Amino acid sequence: MDVSKIAEAVANILFPKLNEISARMDEVEKRIERLDGRMDEFSGRMSAMEQRMTSFEQQLIYIHQRIDETNKRIDETDKRIDTMWADVIKRFDDMIRRFDETNRRIDETNQRIDRLSERAIIPKEKWENIEIRVLRLEEDIKMLKEKKG
């Protein structure tokens, strides 16, 4: 056999297979190019999603800061309410003390009047005048108590 005939026979067998492989390689390269394009598109989408996630994270941080500020303001308001309530209770206790003192003084005055009336007979007009004064004092006390309540 002749080498040229063997080379021709090998070429006849191999070239069609190589052409077929080359055609398939072209298809594979086209598919790879399409995949590269899709990967670039996917990468762009992923970047956009990453930016949105970063934006959401910043918004959440802002919301948490606002919540912390609001909680701080609530705490400050609670402290103010406690302080004001303590002041109101102190004033209320002071008013009760003053009312008690006024009632004590009225009771002392009534006792003095009773002692005086026992010692001496007071004319009816004077007695009525004293009673009117006592009634007025009692009305003043009642009015002070109503203002307190």
# chains A, B, ... in the order shown; residues from 1 in each chain; ligands from 1

call {"tool": "closest_atom_pairs", "arguments": {"of": "region 65-99 of chain A", "to": "region 126-142 of chain A", "cutoff": "12 Å", "atoms": "only C-alpha atoms", "output": "JSON lines"}}
result
{"residue": "A:Met95", "atom": "CA", "partner": "A:Ile141", "partner_atom": "CA", "distance": 11.7}
{"residue": "A:Ile96", "atom": "CA", "partner": "A:Ile141", "partner_atom": "CA", "distance": 11.5}
{"residue": "A:Arg98", "atom": "CA", "partner": "A:Ile141", "partner_atom": "CA", "distance": 10.4}
{"residue": "A:Phe99", "atom": "CA", "partner": "A:Ile141", "partner_atom": "CA", "distance": 7.4}

call {"tool": "atom_distance", "arguments": {"atom1": "CA of Asp68 (chain A)", "atom2": "CA of Arg52 (chain A)"}}
result
24.2 Å
